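Novice: Input structure: work.cif, which contains mmCIF, C-alpha atoms.
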```cif
data_data
loop_
_atom_site.label_atom_id
_atom_site.label_comp_id
_atom_site.auth_asym_id
_atom_site.auth_seq_id
_atom_site.Cartn_x
_atom_site.Cartn_y
_atom_site.Cartn_z
CA MET F 1 -75.82 135.31 196.78
CA SER F 2 -75.54 133.52 193.42
CA PRO F 3 -75.05 129.78 193.55
CA VAL F 4 -71.63 128.22 193.06
CA THR F 5 -71.58 125.11 190.87
CA LEU F 6 -68.98 122.38 190.79
CA ALA F 7 -68.96 119.67 188.13
CA PHE F 8 -66.61 116.69 188.20
CA PRO F 9 -66.24 113.14 186.84
CA ALA F 10 -68.13 110.56 188.92
CA ASP F 11 -65.12 109.10 190.69
CA SER F 12 -64.47 108.76 194.40
CA VAL F 13 -61.17 110.67 194.07
CA ASN F 14 -63.26 113.81 193.49
CA VAL F 15 -65.28 113.53 196.69
CA SER F 16 -62.79 115.76 198.49
CA LEU F 17 -63.57 118.60 196.06
CA ALA F 18 -67.24 118.58 197.05
CA ARG F 19 -66.24 118.44 200.72
CA THR F 20 -63.89 121.40 200.48
CA VAL F 21 -66.35 123.60 198.57
CA ALA F 22 -69.12 122.65 201.01
CA ALA F 23 -66.97 123.84 203.92
CA ALA F 24 -66.05 127.09 202.16
CA MET F 25 -69.69 127.80 201.33
CA ALA F 26 -70.78 126.97 204.89
CA ALA F 27 -68.28 129.60 206.09
CA ARG F 28 -69.91 132.12 203.74
CA ALA F 29 -73.28 131.25 205.22
CA ASP F 30 -71.73 132.12 208.58
CA LEU F 31 -72.56 128.71 210.03
CA THR F 32 -70.81 127.64 213.22
CA LEU F 33 -67.99 125.10 212.96
CA ASP F 34 -70.34 122.33 214.10
CA ARG F 35 -72.68 123.03 211.20
CA LEU F 36 -69.78 123.61 208.83
CA GLU F 37 -68.35 120.17 209.61
CA ASP F 38 -71.85 118.67 209.26
CA ALA F 39 -72.07 120.24 205.79
CA ARG F 40 -68.69 118.77 204.90
CA LEU F 41 -69.75 115.27 205.99
CA ALA F 42 -73.13 115.64 204.28
CA ALA F 43 -71.47 116.56 200.95
CA ASP F 44 -69.31 113.48 201.32
CA GLU F 45 -72.28 111.21 202.02
CA ALA F 46 -74.45 112.70 199.25
CA VAL F 47 -71.74 112.22 196.63
CA ALA F 48 -71.18 108.67 197.89
CA GLN F 49 -74.90 107.96 197.51
CA LEU F 50 -74.79 109.11 193.89
CA LEU F 51 -71.60 107.21 193.12
CA ALA F 52 -73.38 104.01 194.19
CA SER F 53 -75.49 103.96 191.04
CA THR F 54 -73.98 106.40 188.58
CA PRO F 55 -72.75 104.89 185.30
CA PRO F 56 -68.97 105.07 184.91
CA GLY F 57 -67.72 107.97 182.83
CA SER F 58 -70.58 110.27 183.78
CA SER F 59 -70.33 113.58 185.53
CA LEU F 60 -71.78 114.87 188.82
CA THR F 61 -72.82 118.41 189.65
CA CYS F 62 -72.90 120.05 193.07
CA ALA F 63 -74.65 123.41 193.34
CA PHE F 64 -74.19 125.39 196.55
CA GLU F 65 -76.30 128.32 197.69
CA ALA F 66 -75.28 130.21 200.81
CA GLU F 67 -77.50 132.64 202.68
CA PRO F 68 -76.94 133.94 206.17
CA GLY F 69 -77.60 130.94 208.42
CA SER F 70 -78.35 128.47 205.64
CA LEU F 71 -76.50 126.39 203.08
CA ARG F 72 -78.34 124.52 200.35
CA MET F 73 -76.48 121.84 198.39
CA SER F 74 -77.91 120.06 195.36
CA VAL F 75 -75.92 117.06 194.22
CA SER F 76 -77.08 115.53 190.96
CA GLY F 77 -76.05 113.08 188.30
CA PRO F 78 -77.30 110.24 186.09
CA TRP F 79 -78.90 107.42 188.07
CA SER F 80 -79.18 103.92 186.66
CA ASP F 81 -81.84 102.58 189.06
CA SER F 82 -85.54 103.02 188.49
CA ALA F 83 -86.09 104.25 192.05
CA PRO F 84 -84.25 106.87 194.08
CA PRO F 85 -81.97 105.52 196.84
CA SER F 86 -83.72 103.92 199.78
CA THR F 87 -84.19 106.20 202.77
CA ARG F 88 -83.92 103.21 205.06
CA THR F 89 -80.15 102.89 204.92
CA PHE F 90 -77.44 103.94 207.31
CA GLY F 91 -76.18 106.44 204.74
CA TRP F 92 -79.56 108.12 204.66
CA THR F 93 -79.75 108.13 208.47
CA VAL F 94 -76.43 109.94 208.47
CA LEU F 95 -77.65 112.52 205.94
CA ASP F 96 -80.83 113.05 207.95
CA ALA F 97 -78.89 113.65 211.15
CA LEU F 98 -76.47 116.08 209.51
CA CYS F 99 -79.00 118.18 207.59
CA THR F 100 -82.07 120.19 208.43
CA SER F 101 -83.77 118.69 205.39
CA VAL F 102 -82.91 116.10 202.74
CA GLN F 103 -84.85 115.46 199.56
CA ALA F 104 -84.29 113.06 196.70
CA ARG F 105 -85.84 113.59 193.29
CA LEU F 106 -85.50 111.27 190.34
CA ASP F 107 -86.37 113.00 187.12
CA ASP F 108 -85.81 111.41 183.72
CA GLY F 109 -82.82 109.35 184.86
CA THR F 110 -81.22 112.19 186.83
CA LEU F 111 -81.10 111.95 190.58
CA THR F 112 -80.89 115.15 192.61
CA LEU F 113 -80.27 115.15 196.35
CA THR F 114 -81.08 118.51 197.90
CA LEU F 115 -79.67 119.09 201.35
CA THR F 116 -80.12 122.06 203.62
CA VAL F 117 -77.90 122.75 206.61
CA GLU F 118 -79.17 125.58 208.79
CA GLY F 119 -78.02 127.30 211.94
CA THR F 120 -78.65 130.52 213.77
CA VAL F 121 -76.40 133.38 212.75
CA PRO F 122 -74.55 134.66 215.81
CA ALA F 123 -75.72 138.15 216.78
CA SER F 124 -72.18 139.51 216.74
CA ALA F 125 -71.59 138.46 213.12
CA MET P 1 -58.24 88.24 211.29
CA THR P 2 -58.62 86.03 208.24
CA THR P 3 -59.02 88.20 205.21
CA GLU P 4 -59.01 85.54 202.56
CA THR P 5 -62.02 83.46 201.92
CA GLY P 6 -62.53 80.64 199.50
CA TRP P 7 -59.21 79.00 200.27
CA GLY P 8 -59.85 75.32 200.05
CA PRO P 9 -57.73 72.56 201.58
CA ALA P 10 -55.90 72.11 198.28
CA ALA P 11 -54.69 75.71 198.24
CA ARG P 12 -53.64 75.49 201.88
CA ALA P 13 -51.69 72.31 201.23
CA ARG P 14 -50.05 73.88 198.21
CA GLU P 15 -49.06 76.93 200.27
CA ARG P 16 -47.62 74.71 202.98
CA ASP P 17 -45.65 72.72 200.42
CA LEU P 18 -44.25 75.87 198.77
CA LEU P 19 -43.27 77.38 202.12
CA GLU P 20 -41.50 74.20 203.16
CA ARG P 21 -39.56 74.06 199.90
CA LEU P 22 -38.69 77.74 200.18
CA SER P 23 -37.39 77.35 203.72
CA ALA P 24 -34.97 74.68 202.51
CA ILE P 25 -33.37 76.95 199.88
CA PRO P 26 -30.66 79.48 200.87
CA ALA P 27 -31.61 83.16 200.60
CA ASP P 28 -29.36 83.90 197.60
CA ASP P 29 -30.26 80.82 195.54
CA PRO P 30 -32.06 81.72 192.26
CA ALA P 31 -34.15 78.55 192.68
CA ARG P 32 -36.26 80.54 195.18
CA GLY P 33 -37.64 82.74 192.40
CA PRO P 34 -40.43 80.59 190.93
CA ILE P 35 -41.57 79.34 194.36
CA ARG P 36 -41.67 82.83 195.75
CA ASP P 37 -43.55 84.07 192.68
CA GLU P 38 -46.23 81.45 193.13
CA LEU P 39 -46.67 82.32 196.82
CA VAL P 40 -46.91 86.01 195.97
CA THR P 41 -49.52 85.34 193.30
CA MET P 42 -51.55 83.25 195.71
CA HIS P 43 -51.66 86.12 198.19
CA LEU P 44 -52.37 88.96 195.79
CA PRO P 45 -56.05 88.99 196.80
CA LEU P 46 -54.90 89.81 200.33
CA VAL P 47 -52.87 92.76 199.02
CA ARG P 48 -55.84 93.94 196.95
CA HIS P 49 -58.10 93.70 199.97
CA LEU P 50 -55.72 95.69 202.18
CA ALA P 51 -55.05 98.30 199.48
CA GLY P 52 -58.82 98.66 199.06
CA ARG P 53 -59.05 100.10 202.57
CA TYR P 54 -57.15 103.14 201.33
CA ARG P 55 -58.87 103.51 198.01
CA ASP P 56 -60.64 106.81 198.69
CA ARG P 57 -57.54 108.67 199.71
CA GLY P 58 -56.54 110.08 196.38
CA GLU P 59 -53.89 107.59 195.26
CA PRO P 60 -54.54 105.19 192.34
CA LEU P 61 -55.51 101.75 193.63
CA GLU P 62 -52.99 100.05 191.31
CA ASP P 63 -50.13 102.04 192.88
CA LEU P 64 -51.26 100.95 196.32
CA VAL P 65 -51.44 97.33 195.18
CA GLN P 66 -47.93 97.61 193.80
CA ALA P 67 -46.60 99.07 197.04
CA GLY P 68 -48.41 96.38 199.01
CA THR P 69 -46.95 93.66 196.78
CA VAL P 70 -43.45 94.83 197.71
CA GLY P 71 -44.45 94.29 201.33
CA LEU P 72 -45.79 90.84 200.49
CA ILE P 73 -42.53 89.83 198.79
CA MET P 74 -40.57 91.00 201.82
CA ALA P 75 -42.88 89.03 204.10
CA VAL P 76 -42.50 85.85 202.01
CA ASP P 77 -38.71 86.20 202.24
CA ARG P 78 -38.77 86.73 205.98
CA PHE P 79 -41.42 84.14 206.82
CA ASP P 80 -40.31 81.56 209.31
CA ILE P 81 -42.20 78.32 208.85
CA THR P 82 -41.27 77.08 212.32
CA ARG P 83 -43.19 79.90 214.02
CA GLY P 84 -46.56 78.28 213.33
CA THR P 85 -48.33 81.41 212.07
CA GLN P 86 -50.17 81.78 208.78
CA LEU P 87 -48.33 83.59 206.01
CA SER P 88 -51.34 85.91 205.52
CA THR P 89 -51.31 86.91 209.20
CA PHE P 90 -47.57 87.43 209.14
CA ALA P 91 -47.66 89.43 205.89
CA THR P 92 -50.52 91.80 206.78
CA PRO P 93 -48.54 94.34 208.87
CA THR P 94 -45.71 94.43 206.32
CA VAL P 95 -48.13 94.95 203.42
CA LEU P 96 -49.94 97.74 205.31
CA GLY P 97 -46.58 99.26 206.25
CA GLU P 98 -45.54 99.48 202.61
CA ILE P 99 -48.90 100.99 201.59
CA ARG P 100 -48.57 103.66 204.28
CA ARG P 101 -45.01 104.28 203.19
CA HIS P 102 -46.28 104.89 199.69
CA PHE P 103 -48.56 107.60 201.07
CA ARG P 104 -45.72 109.17 203.02
CA ASP P 105 -43.55 109.20 199.90
CA HIS P 106 -46.09 110.13 197.27
CA ALA P 107 -49.17 111.83 198.62
CA TRP P 108 -48.55 115.56 198.56
CA ALA P 109 -51.29 116.31 201.04
CA ILE P 110 -49.35 114.70 203.87
CA ARG P 111 -46.91 117.55 203.79
CA VAL P 112 -48.94 120.27 205.38
CA PRO P 113 -46.76 123.41 205.25
CA ARG P 114 -45.34 124.40 208.60
CA GLY P 115 -47.18 127.76 208.75
CA LEU P 116 -50.46 125.98 208.17
CA GLN P 117 -49.66 123.40 210.83
CA GLU P 118 -49.09 126.16 213.36
CA LEU P 119 -52.30 127.90 212.35
CA GLN P 120 -54.13 124.60 212.65
CA ILE P 121 -53.00 124.28 216.25
CA ARG P 122 -54.10 127.85 217.01
CA VAL P 123 -57.49 127.33 215.30
CA SER P 124 -58.04 124.13 217.27
CA ALA P 125 -57.23 125.79 220.61
CA ALA P 126 -59.34 128.88 219.81
CA THR P 127 -62.29 126.70 218.75
CA ASP P 128 -62.34 124.91 222.09
CA GLU P 129 -61.77 128.09 224.10
CA MET P 130 -64.48 130.04 222.23
CA SER P 131 -66.95 127.14 222.41
CA GLN P 132 -66.67 127.29 226.20
CA ARG P 133 -67.04 131.05 226.25
CA LEU P 134 -69.90 131.31 223.72
CA HIS P 135 -71.65 128.06 224.69
CA ARG P 136 -71.67 127.19 220.98
CA ALA P 137 -69.06 126.57 218.31
CA PRO P 138 -67.56 129.72 216.72
CA THR P 139 -67.98 130.60 213.05
CA VAL P 140 -65.04 130.88 210.64
CA ASN P 141 -65.34 134.69 210.72
CA GLU P 142 -65.27 134.76 214.50
CA LEU P 143 -62.18 132.56 214.53
CA ALA P 144 -60.52 134.81 211.95
CA ASP P 145 -61.24 137.90 214.10
CA GLU P 146 -60.01 136.19 217.24
CA LEU P 147 -56.75 135.07 215.66
CA GLY P 148 -56.19 138.13 213.48
CA VAL P 149 -56.01 136.13 210.24
CA SER P 150 -58.25 135.98 207.16
CA SER P 151 -61.24 133.66 207.03
CA GLY P 152 -59.58 131.99 204.03
CA ASP P 153 -56.63 131.09 206.26
CA VAL P 154 -58.97 129.62 208.87
CA LEU P 155 -60.67 127.54 206.17
CA ALA P 156 -57.32 126.30 204.89
CA ALA P 157 -56.42 125.23 208.43
CA LEU P 158 -59.77 123.42 208.77
CA ASP P 159 -59.27 121.67 205.44
CA ALA P 160 -55.75 120.65 206.38
CA ARG P 161 -57.05 118.63 209.29
CA HIS P 162 -58.90 116.46 206.81
CA ALA P 163 -55.78 115.99 204.73
CA TYR P 164 -53.57 113.03 205.42
CA SER P 165 -51.94 112.86 208.76
CA PRO P 166 -50.19 109.83 210.21
CA ASP P 167 -53.18 109.00 212.37
CA SER P 168 -55.72 109.33 209.58
CA LEU P 169 -53.71 106.83 207.57
CA ASP P 170 -54.53 104.10 210.03
CA PRO P 171 -57.91 102.77 209.12
CA ALA P 172 -60.13 102.41 212.14
CA VAL P 173 -59.37 98.73 212.59
CA ASP P 174 -58.97 97.25 215.98
CA GLU P 175 -58.39 93.53 216.12
CA SER P 176 -59.30 93.52 219.80
CA ALA P 177 -62.62 95.23 219.14
CA GLY P 178 -65.67 93.27 218.23
CA SER P 179 -67.75 93.09 221.36
CA PRO P 180 -71.18 92.61 219.78
CA GLY P 181 -72.90 93.67 223.01
CA VAL P 182 -71.93 97.29 222.52
CA ALA P 183 -73.04 97.30 218.91
CA ALA P 184 -76.31 95.74 220.00
CA ALA P 185 -76.86 98.75 222.27
CA LEU P 186 -77.07 100.76 219.07
CA GLU P 187 -79.71 98.51 217.62
CA PRO P 188 -82.85 100.46 218.65
CA ALA P 189 -81.52 103.62 217.04
CA PHE P 190 -81.13 101.87 213.72
CA ALA P 191 -84.21 99.66 213.95
CA GLU P 192 -85.68 100.96 210.71
CA ILE P 193 -82.56 100.43 208.66
CA GLU P 194 -82.77 97.68 206.08
CA ASP P 195 -79.02 97.08 206.01
CA ARG P 196 -78.99 96.93 209.81
CA GLU P 197 -77.46 93.44 209.97
CA THR P 198 -74.46 94.58 207.96
CA LEU P 199 -74.27 97.84 209.89
CA LEU P 200 -74.24 96.15 213.28
CA ALA P 201 -71.64 93.64 212.15
CA VAL P 202 -69.44 96.43 210.82
CA LEU P 203 -69.96 98.57 213.92
CA ALA P 204 -68.87 95.65 216.05
CA GLU P 205 -65.52 95.70 214.22
CA LEU P 206 -64.83 99.29 215.18
CA PRO P 207 -62.79 100.31 218.18
CA GLU P 208 -64.88 101.32 221.17
CA ARG P 209 -64.16 105.05 220.82
CA GLU P 210 -65.25 105.24 217.18
CA ARG P 211 -68.42 103.33 217.94
CA GLU P 212 -69.19 105.68 220.82
CA LEU P 213 -68.66 108.62 218.48
CA ILE P 214 -71.21 107.25 216.01
CA ARG P 215 -73.68 106.65 218.84
CA LEU P 216 -73.30 110.14 220.29
CA ARG P 217 -73.61 111.90 216.95
CA PHE P 218 -76.24 109.83 215.16
CA ASP P 219 -78.23 108.27 218.00
CA GLU P 220 -78.11 110.95 220.70
CA GLY P 221 -77.80 113.76 218.17
CA LEU P 222 -75.03 115.64 219.99
CA THR P 223 -73.05 118.25 218.07
CA GLN P 224 -69.33 117.79 217.48
CA SER P 225 -68.49 120.37 220.19
CA GLU P 226 -70.75 118.61 222.67
CA ILE P 227 -69.10 115.30 221.89
CA ALA P 228 -65.69 116.94 222.24
CA SER P 229 -66.43 118.20 225.75
CA SER P 230 -68.06 114.95 226.84
CA LEU P 231 -65.10 112.86 225.65
CA GLY P 232 -62.52 115.42 226.76
CA ILE P 233 -60.92 115.80 223.32
CA SER P 234 -60.78 118.74 220.92
CA GLN P 235 -63.57 119.50 218.45
CA MET P 236 -60.93 119.23 215.73
CA HIS P 237 -60.14 115.70 216.78
CA VAL P 238 -63.84 114.75 216.86
CA SER P 239 -64.29 116.16 213.39
CA ARG P 240 -61.40 114.20 211.98
CA LEU P 241 -62.35 110.96 213.72
CA LEU P 242 -65.97 111.22 212.66
CA ALA P 243 -65.12 111.84 209.00
CA ARG P 244 -62.70 108.94 209.02
CA THR P 245 -65.10 106.60 210.79
CA LEU P 246 -67.94 107.35 208.37
CA THR P 247 -65.69 106.71 205.38
CA ASP P 248 -64.47 103.53 206.97
CA LEU P 249 -68.02 102.35 207.74
CA ARG P 250 -69.09 103.05 204.18
CA GLU P 251 -66.18 101.10 202.76
CA ARG P 252 -66.81 98.18 205.05
CA MET P 253 -70.53 98.11 204.32
CA THR P 254 -70.02 98.06 200.57
CA ARG P 255 -67.14 95.57 200.44
CA ASP P 256 -67.77 91.98 199.31
#
```
Would it be possible to restate this file's structure as structure tokens?
Specialist:
Amino acid sequence: MSPVTLAFPADSVNVSLARTVAAAMAARADLTLDRLEDARLAADEAVAQLLASTPPGSSLTCAFEAEPGSLRMSVSGPWSDSAPPSTRTFGWTVLDALCTSVQARLDDGTLTLTLTVEGTVPASA
Amino acid sequence: MTTETGWGPAARARERDLLERLSAIPADDPARGPIRDELVTMHLPLVRHLAGRYRDRGEPLEDLVQAGTVGLIMAVDRFDITRGTQLSTFATPTVLGEIRRHFRDHAWAIRVPRGLQELQIRVSAATDEMSQRLHRAPTVNELADELGVSSGDVLAALDARHAYSPDSLDPAVDESAGSPGVAAALEPAFAEIEDRETLLAVLAELPERERELIRLRFDEGLTQSEIASSLGISQMHVSRLLARTLTDLRERMTRD
């Protein structure tokens, strides 16, 4: 399936957009409700991580790729720190627990968090 | 709970003096105006602090501050100096009440259409019933088949639970919480966290149930359905509580 991309101003009022799209894409990936709700929370946390050090007035992008049993979300935006966010924070612990894998990449001032939420596709589906 | 910091003895004395003068003036006397204004201005940081708890819920912060200020004015007018309480303590519930009222009056998402509310109840019941039967949570498609509705409808019902509802408007604050022993039980799980001190302090402020939820999900690694059956509540309720608690934790950890 082709990815779905959502772009929005870096403002906490837009977090709910990322959450809602994450849930809809998790449903397309045929994830169970447990995983779907994890994906929703993970989108929330990832956007919050970016908002912590994104210059005001910039824009964030969330790209979602659904495959049977797997949802990949890439959240990216301008990052004003010289290092990616610390992995030794509660926020990161939360992301780690919610996702099968979490990666941060800082490339030329743009931070991208790539999250994967996986589950087994029910046989009946 | 004292929410204002940095109030020196001079400010306290000034507040006391203003309150005493105000209590001596009849309710309809225009002479109350300037005194009341000064008291309101002094307590605006309290209103800002309380409004800040609701800042990620889709309403402009300034509107929330305005609504809260109405509550503060009402509290100043009703304050009884002979009762021996602090004005800030007395005003807090009124300020929060006005902020919540603003949400009830203005936030569209509170008004979940009736059809969606009914579907939400059916989705919640089917989720719990199917989780028991399948020994795992159902997917959106399975729920749609079970209920004879589209998967889009199921998604809308799931989203609606994260919209405002009266209980999600109460931030997870519990004045009677704060037993550090329970938060300390979480310490090993978060041993590697650099903001652990803040985290433990903030966790200690949470009500017992919310703290237990965080422990079960992020320390023991249980799924939402597993937590639901172990606490005897619906998966839908777990989902809503967990989302709210995480938002609340994040706000509390980044404040100040």
Novice: Expand the PyMOL selection byres ((chain F) within 8 of (chain P)) into the explicit residue set it covers here, and present it as a list in words.
Specialist: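 Applied to this file, the PyMOL selection byres ((chain F) within 8 of (chain P)) selects Ser12, Val13, Thr20, Ala23, Ala24, Ala27, Asp30, Leu31, Thr32, Leu33, Asp34, Glu37, Leu41, Arg88, Thr89, Phe90, Gly91, Thr93, Val94, Ala97 and Ala125 of chain F.
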Novice: Output C-alpha atoms of each residue in that selection to a file, as a short mmCIF file (atom, residue, chain, number, x, y, z; two decimals), keeping the file's coordinate frame.
Specialist:
```cif
data_model
loop_
_atom_site.label_atom_id
_atom_site.label_comp_id
_atom_site.auth_asym_id
_atom_site.auth_seq_id
_atom_site.Cartn_x
_atom_site.Cartn_y
_atom_site.Cartn_z
CA SER F 12 -64.47 108.76 194.40
CA VAL F 13 -61.17 110.67 194.07
CA THR F 20 -63.89 121.40 200.48
CA ALA F 23 -66.97 123.84 203.92
CA ALA F 24 -66.05 127.09 202.16
CA ALA F 27 -68.28 129.60 206.09
CA ASP F 30 -71.73 132.12 208.58
CA LEU F 31 -72.56 128.71 210.03
CA THR F 32 -70.81 127.64 213.22
CA LEU F 33 -67.99 125.10 212.96
CA ASP F 34 -70.34 122.33 214.10
CA GLU F 37 -68.35 120.17 209.61
CA LEU F 41 -69.75 115.27 205.99
CA ARG F 88 -83.92 103.21 205.06
CA THR F 89 -80.15 102.89 204.92
CA PHE F 90 -77.44 103.94 207.31
CA GLY F 91 -76.18 106.44 204.74
CA THR F 93 -79.75 108.13 208.47
CA VAL F 94 -76.43 109.94 208.47
CA ALA F 97 -78.89 113.65 211.15
CA ALA F 125 -71.59 138.46 213.12
#
```
Novice: How many Å lie between atom CA of Pro85 of chain F and atom CA of Ala51 of chain P, rounded to one decimal?
Specialist: 28.0 Å
Novice: Once you count all atoms listed in the file, which residues end up no further than 8 Å from (-74.4, 136.6, 207.7) in the file's frame, shown as a list of chain:residue names?
Specialist: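 Selection result: F:Arg28, F:Ala29, F:Asp30, F:Glu67, F:Pro68, F:Gly69, F:Val121, F:Ala125.
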Novice: Emit the selected residues as a PDB file, keeping the file's coordinate frame, including C-alpha atoms.
Specialist:
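The file below, selection-v3.pdb, is the result:
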```pdb
ATOM      1  CA  ARG F  28     -69.910 132.120 203.740  1.00  0.00           C
ATOM      2  CA  ALA F  29     -73.280 131.250 205.220  1.00  0.00           C
ATOM      3  CA  ASP F  30     -71.730 132.120 208.580  1.00  0.00           C
ATOM      4  CA  GLU F  67     -77.500 132.640 202.680  1.00  0.00           C
ATOM      5  CA  PRO F  68     -76.940 133.940 206.170  1.00  0.00           C
ATOM      6  CA  GLY F  69     -77.600 130.940 208.420  1.00  0.00           C
ATOM      7  CA  VAL F 121     -76.400 133.380 212.750  1.00  0.00           C
ATOM      8  CA  ALA F 125     -71.590 138.460 213.120  1.00  0.00           C
TER       9      ALA F 125
END
```
Novice: To verify the selection step, state as a VMD selection string which residues the PyMOL selection byres ((chain F and resi 101) around 6) yields on this input.
Specialist: chain F and resid 99 to 100 102 115 to 116
Novice: State, in Å with one decimal place, the distance from atom CA of Arg105 of chain F to atom CA of Glu45 of chain F.
Specialist: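 Spanning atom CA of Arg105 of chain F to atom CA of Glu45 of chain F is a straight-line distance of 16.3 Å.
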Novice: For the structure provided, state which residues fall under the PyMOL selection byres ((chain F and resi 106) around 12), and present them as a list in words.
Specialist: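 Listing what the PyMOL selection byres ((chain F and resi 106) around 12) selects in the shown file: Leu50, Val75, Ser76, Gly77, Pro78, Trp79, Ser80, Asp81, Ser82, Ala83, Pro84, Pro85, Gln103, Ala104, Arg105, Asp107, Asp108, Gly109, Thr110, Leu111, Thr112, Leu113 and Thr114 of chain F.
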Novice: What would the file look like if the residues just selected were written as a short mmCIF file (atom, residue, chain, number, x, y, z; two decimals), in the frame of the given file with C-alpha atoms?
Specialist:
```
data_model
loop_
_atom_site.label_atom_id
_atom_site.label_comp_id
_atom_site.auth_asym_id
_atom_site.auth_seq_id
_atom_site.Cartn_x
_atom_site.Cartn_y
_atom_site.Cartn_z
CA LEU F 50 -74.79 109.11 193.89
CA VAL F 75 -75.92 117.06 194.22
CA SER F 76 -77.08 115.53 190.96
CA GLY F 77 -76.05 113.08 188.30
CA PRO F 78 -77.30 110.24 186.09
CA TRP F 79 -78.90 107.42 188.07
CA SER F 80 -79.18 103.92 186.66
CA ASP F 81 -81.84 102.58 189.06
CA SER F 82 -85.54 103.02 188.49
CA ALA F 83 -86.09 104.25 192.05
CA PRO F 84 -84.25 106.87 194.08
CA PRO F 85 -81.97 105.52 196.84
CA GLN F 103 -84.85 115.46 199.56
CA ALA F 104 -84.29 113.06 196.70
CA ARG F 105 -85.84 113.59 193.29
CA ASP F 107 -86.37 113.00 187.12
CA ASP F 108 -85.81 111.41 183.72
CA GLY F 109 -82.82 109.35 184.86
CA THR F 110 -81.22 112.19 186.83
CA LEU F 111 -81.10 111.95 190.58
CA THR F 112 -80.89 115.15 192.61
CA LEU F 113 -80.27 115.15 196.35
CA THR F 114 -81.08 118.51 197.90
#
```
Novice: Given all atoms listed in the file as the basis, pick out the residue of P:Val76, P:Arg215, P:Ser229, P:Arg14 nearest to His135 of chain P.
Specialist: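 Comparing P:Val76, P:Arg215, P:Ser229, P:Arg14 against His135 of chain P, the winner is P:Ser229.
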